[in-house]
Amino acid sequence: KKIAFHFCGGYDKADIAVEAVTQMLKTQGYMPIYKSKVCGIFDKPVQNKKLVDDIRVFVEDKNQNRFILLDKEAIELFYPIEAIRKTLGKEALTREQVDDELKKFLQQYKSNGAGNFFTFNEIKKVDLATRVALNIENLNDIDERIVNIIKKAVELSY
């Protein structure tokens with residue numbers, strides 16, 4: 001309950017999102033504790049790969065343990081396969097099949113703000129994420145870097 005998520009809508013919009021966070025931090029300057037509590041997960045960049053380093057410098061993340069840079073173009077590609085299978089009721093799906101469908105979904109989403117994912121038509125990313133999250137039963141199924149950054153954010157929130 002003490003963690004706030006700021007979605008920037010894609011890596012190419014991260015500079016706008018960072019500016020929003022920067023303005024919030026400047027506004028809350030009398031309480032500089034926020035600057036040391038900001039954590040982030042970035043998709044693999046298509047452009048401006050230096051941005052994450054610039055953010056780390058701004059928020060003084062010297063140990064580079066509050067911001068991670070994923071090696072895939074979208075966090076959806078890290079959804080646990082078992083949770084996706086349960087969400088869809090399709091036990092036979094392979095990781096490759098799911099990733100192919102996710103890539104199609106993300107392209108549709110990029111142009112329409114929603115997309116089709118197997119049996120879900122015109123679903124938004126947040127709705128898909130919610131459905132998949134409800135079927136995650138084991139944190140071991142999630143990439144360790146993502147789990148660790150969330151744990152770090154929880155640790156810093158108290």
# chains A, B, ... in the order shown; residues from 1 in each chain; ligands from 1
>>> residues_around(residues="range 84-96 of chain A", least_positions_apart="2", cutoff="9 Å", atoms="only C-alpha atoms", output="tab-separated table (two decimals) with all heavy atoms, in the first residue's frame")
chain	number	residue	atom	x	y	z
A	79	TYR	N	6.07	-12.30	-18.34
A	79	TYR	CA	4.96	-12.93	-17.63
A	79	TYR	C	5.24	-14.42	-17.51
A	79	TYR	O	5.62	-15.06	-18.49
A	79	TYR	CB	3.64	-12.73	-18.37
A	79	TYR	CG	3.06	-11.34	-18.33
A	79	TYR	CD1	1.93	-11.05	-19.09
A	79	TYR	CD2	3.60	-10.32	-17.57
A	79	TYR	CE1	1.37	-9.78	-19.07
A	79	TYR	CE2	3.05	-9.06	-17.55
A	79	TYR	CZ	1.93	-8.80	-18.30
A	79	TYR	OH	1.37	-7.54	-18.29
A	80	PRO	N	5.04	-14.99	-16.33
A	80	PRO	CA	5.29	-16.43	-16.15
A	80	PRO	C	4.36	-17.27	-17.03
A	80	PRO	O	3.15	-17.03	-17.07
A	80	PRO	CB	4.99	-16.67	-14.68
A	80	PRO	CG	5.04	-15.32	-14.03
A	80	PRO	CD	4.64	-14.34	-15.09
A	81	ILE	N	4.94	-18.22	-17.72
A	81	ILE	CA	4.18	-19.06	-18.65
A	81	ILE	C	3.05	-19.80	-17.94
A	81	ILE	O	1.95	-19.93	-18.47
A	81	ILE	CB	5.11	-20.02	-19.44
A	81	ILE	CG1	4.32	-20.78	-20.52
A	81	ILE	CG2	5.82	-21.00	-18.51
A	81	ILE	CD1	3.91	-19.96	-21.67
A	82	GLU	N	3.30	-20.28	-16.73
A	82	GLU	CA	2.25	-21.01	-16.01
A	82	GLU	C	1.05	-20.11	-15.70
A	82	GLU	O	-0.11	-20.54	-15.79
A	82	GLU	CB	2.80	-21.64	-14.73
A	82	GLU	CG	3.69	-22.83	-14.97
A	82	GLU	CD	3.03	-23.93	-15.82
A	82	GLU	OE1	1.84	-24.25	-15.57
A	82	GLU	OE2	3.69	-24.45	-16.72
A	98	VAL	N	3.47	-18.13	-26.81
A	98	VAL	CA	3.02	-17.00	-26.00
A	98	VAL	C	3.77	-15.74	-26.39
A	98	VAL	O	3.16	-14.67	-26.57
A	98	VAL	CB	3.18	-17.32	-24.49
A	98	VAL	CG1	2.98	-16.07	-23.66
A	98	VAL	CG2	2.21	-18.41	-24.07
A	99	ASP	N	5.09	-15.84	-26.54
A	99	ASP	CA	5.88	-14.66	-26.90
A	99	ASP	C	5.48	-14.11	-28.27
A	99	ASP	O	5.40	-12.89	-28.46
A	99	ASP	CB	7.37	-14.97	-26.85
A	99	ASP	CG	7.90	-15.08	-25.43
A	99	ASP	OD1	7.14	-14.82	-24.48
A	99	ASP	OD2	9.08	-15.43	-25.27
A	100	ASP	N	5.20	-14.99	-29.23
A	100	ASP	CA	4.74	-14.54	-30.55
A	100	ASP	C	3.42	-13.78	-30.43
A	100	ASP	O	3.24	-12.72	-31.03
A	100	ASP	CB	4.56	-15.73	-31.50
A	100	ASP	CG	5.88	-16.29	-32.00
A	100	ASP	OD1	6.93	-15.62	-31.84
A	100	ASP	OD2	5.87	-17.42	-32.54
A	101	GLU	N	2.48	-14.33	-29.64
A	101	GLU	CA	1.19	-13.67	-29.45
A	101	GLU	C	1.34	-12.35	-28.70
A	101	GLU	O	0.66	-11.37	-28.99
A	101	GLU	CB	0.20	-14.58	-28.72
A	101	GLU	CG	-0.35	-15.68	-29.59
A	101	GLU	CD	-1.12	-15.17	-30.80
A	101	GLU	OE1	-1.99	-14.29	-30.63
A	101	GLU	OE2	-0.84	-15.66	-31.90
A	118	PHE	N	-4.71	-14.09	-27.73
A	118	PHE	CA	-5.40	-15.37	-27.77
A	118	PHE	C	-6.91	-15.14	-27.73
A	118	PHE	O	-7.46	-14.59	-28.67
A	118	PHE	CB	-4.92	-16.30	-26.65
A	118	PHE	CG	-3.52	-16.82	-26.86
A	118	PHE	CD1	-2.45	-16.26	-26.18
A	118	PHE	CD2	-3.27	-17.87	-27.73
A	118	PHE	CE1	-1.16	-16.73	-26.37
A	118	PHE	CE2	-1.98	-18.35	-27.93
A	118	PHE	CZ	-0.93	-17.78	-27.25
A	119	THR	N	-7.59	-15.48	-26.64
A	119	THR	CA	-9.05	-15.37	-26.58
A	119	THR	C	-9.54	-14.00	-26.10
A	119	THR	O	-10.74	-13.76	-26.09
A	119	THR	CB	-9.63	-16.45	-25.64
A	119	THR	OG1	-9.02	-16.31	-24.35
A	119	THR	CG2	-9.34	-17.85	-26.18
A	120	PHE	N	-8.63	-13.13	-25.71
A	120	PHE	CA	-9.03	-11.80	-25.25
A	120	PHE	C	-9.01	-10.82	-26.42
A	120	PHE	O	-7.98	-10.63	-27.06
A	120	PHE	CB	-8.10	-11.29	-24.15
A	120	PHE	CG	-8.11	-12.14	-22.91
A	120	PHE	CD1	-6.93	-12.68	-22.43
A	120	PHE	CD2	-9.27	-12.40	-22.23
A	120	PHE	CE1	-6.92	-13.46	-21.29
A	120	PHE	CE2	-9.28	-13.18	-21.09
A	120	PHE	CZ	-8.09	-13.72	-20.62
A	131	ARG	N	-5.14	-9.88	-15.00
A	131	ARG	CA	-5.60	-11.27	-15.16
A	131	ARG	C	-4.45	-12.25	-14.94
A	131	ARG	O	-4.61	-13.26	-14.27
A	131	ARG	CB	-6.22	-11.48	-16.53
A	131	ARG	CG	-7.54	-10.78	-16.70
A	131	ARG	CD	-8.02	-10.90	-18.14
A	131	ARG	NE	-9.19	-10.09	-18.38
A	131	ARG	CZ	-10.40	-10.58	-18.61
A	131	ARG	NH1	-10.60	-11.87	-18.60
A	131	ARG	NH2	-11.40	-9.78	-18.82
A	132	VAL	N	-3.29	-11.95	-15.52
A	132	VAL	CA	-2.13	-12.84	-15.37
A	132	VAL	C	-1.66	-12.84	-13.91
A	132	VAL	O	-1.39	-13.89	-13.33
A	132	VAL	CB	-1.00	-12.45	-16.34
A	132	VAL	CG1	0.27	-13.24	-16.05
A	132	VAL	CG2	-1.43	-12.65	-17.79
A	133	ALA	N	-1.60	-11.65	-13.30
A	133	ALA	CA	-1.12	-11.55	-11.91
A	133	ALA	C	-1.98	-12.38	-10.95
A	133	ALA	O	-1.45	-12.97	-10.00
A	133	ALA	CB	-1.09	-10.09	-11.47
A	134	LEU	N	-3.26	-12.45	-11.21
A	134	LEU	CA	-4.15	-13.24	-10.35
A	134	LEU	C	-3.84	-14.74	-10.41
A	134	LEU	O	-4.27	-15.49	-9.54
A	134	LEU	CB	-5.61	-12.99	-10.74
A	134	LEU	CG	-6.15	-11.60	-10.39
A	134	LEU	CD1	-7.54	-11.40	-11.00
A	134	LEU	CD2	-6.18	-11.38	-8.89
A	135	ASN	N	-3.11	-15.15	-11.43
A	135	ASN	CA	-2.78	-16.57	-11.59
A	135	ASN	C	-1.32	-16.89	-11.27
A	135	ASN	O	-0.88	-18.02	-11.51
A	135	ASN	CB	-3.13	-17.02	-13.01
A	135	ASN	CG	-4.62	-17.17	-13.18
A	135	ASN	OD1	-5.24	-17.99	-12.53
A	135	ASN	ND2	-5.19	-16.34	-14.04
A	136	ILE	N	-0.58	-15.94	-10.75
A	136	ILE	CA	0.79	-16.22	-10.34
A	136	ILE	C	0.75	-16.85	-8.95
A	136	ILE	O	0.26	-16.24	-8.00
A	136	ILE	CB	1.65	-14.93	-10.33
A	136	ILE	CG1	1.80	-14.39	-11.74
A	136	ILE	CG2	3.04	-15.23	-9.73
A	136	ILE	CD1	2.51	-13.04	-11.83
>>> closest_residue(among="A:Val147, A:Ile16, A:Leu77, A:Ala129", to="Ile55 in chain A", atoms="only C-alpha atoms")
A:Ile16
>>> closest_residue(among="A:Ile75, A:Leu102, A:Ile68, A:Val154", to="Gly40 in chain A", atoms="only C-alpha atoms")
A:Ile68
>>> select_by_dssp(residues="range 31-152 of chain A", states="strand (DSSP E)", output="list in words")
Gly40, Ile41, Phe42, Phe67, Ile68, Leu69, Gly115, Asn116, Phe117, Phe120, Asn121, Glu122 and Ile123 of chain A
>>> residues_around(residues="Cys39 in chain A", least_positions_apart="5", cutoff="7 Å", atoms="only C-alpha atoms", output="ChimeraX atom specification")
/A:66-67,153
>>> residues_around(residues="Asp53 in chain A", least_positions_apart="2", cutoff="10 Å", atoms="only C-alpha atoms", output="mmCIF file with N, CA and C atoms, in the first residue's frame")
data_model
loop_
_atom_site.group_PDB
_atom_site.id
_atom_site.type_symbol
_atom_site.label_atom_id
_atom_site.label_comp_id
_atom_site.auth_asym_id
_atom_site.auth_seq_id
_atom_site.Cartn_x
_atom_site.Cartn_y
_atom_site.Cartn_z
ATOM 1 N N LYS A 49 19.711 4.803 -25.036
ATOM 2 C CA LYS A 49 20.135 3.832 -24.028
ATOM 3 C C LYS A 49 20.810 4.490 -22.824
ATOM 4 N N LYS A 50 21.226 5.715 -22.967
ATOM 5 C CA LYS A 50 21.900 6.432 -21.883
ATOM 6 C C LYS A 50 20.905 6.934 -20.822
ATOM 7 N N LEU A 51 19.637 6.918 -21.141
ATOM 8 C CA LEU A 51 18.614 7.468 -20.255
ATOM 9 C C LEU A 51 18.626 6.838 -18.869
ATOM 10 N N ILE A 55 19.156 8.708 -15.266
ATOM 11 C CA ILE A 55 18.196 8.619 -14.160
ATOM 12 C C ILE A 55 18.901 8.144 -12.896
ATOM 13 N N ARG A 56 19.751 7.139 -13.044
ATOM 14 C CA ARG A 56 20.490 6.635 -11.878
ATOM 15 C C ARG A 56 21.324 7.738 -11.248
ATOM 16 N N VAL A 57 21.941 8.570 -12.056
ATOM 17 C CA VAL A 57 22.739 9.682 -11.528
ATOM 18 C C VAL A 57 21.824 10.668 -10.803
ATOM 19 N N PHE A 58 20.690 11.009 -11.417
ATOM 20 C CA PHE A 58 19.780 11.985 -10.823
ATOM 21 C C PHE A 58 19.273 11.538 -9.464
ATOM 22 N N ASP A 61 21.514 6.639 -7.513
ATOM 23 C CA ASP A 61 21.505 5.178 -7.418
ATOM 24 C C ASP A 61 22.906 4.667 -7.766
ATOM 25 N N LYS A 62 23.851 4.990 -6.903
ATOM 26 C CA LYS A 62 25.268 4.673 -7.156
ATOM 27 C C LYS A 62 25.523 3.175 -7.265
ATOM 28 N N GLN A 64 23.429 1.005 -8.336
ATOM 29 C CA GLN A 64 22.606 0.489 -9.427
ATOM 30 C C GLN A 64 21.716 -0.671 -8.979
ATOM 31 N N PHE A 67 17.299 0.538 -10.086
ATOM 32 C CA PHE A 67 16.791 0.602 -11.462
ATOM 33 C C PHE A 67 17.360 -0.557 -12.255
ATOM 34 N N LEU A 69 17.351 -2.628 -16.087
ATOM 35 C CA LEU A 69 17.115 -2.531 -17.519
ATOM 36 C C LEU A 69 16.911 -3.949 -18.028
#
>>> atom_distance(atom1="CA of Ala74 in chain A", atom2="CA of Leu139 in chain A")
19.0 Å
>>> residues_around(residues="Glu155 in chain A", least_positions_apart="4", cutoff="12 Å", atoms="only C-alpha atoms", output="list in words")
Lys2, Ile3, Ser36, Lys37, Val38, Cys39, Arg66, Asn148, Ile149, Ile150 and Lys151 of chain A
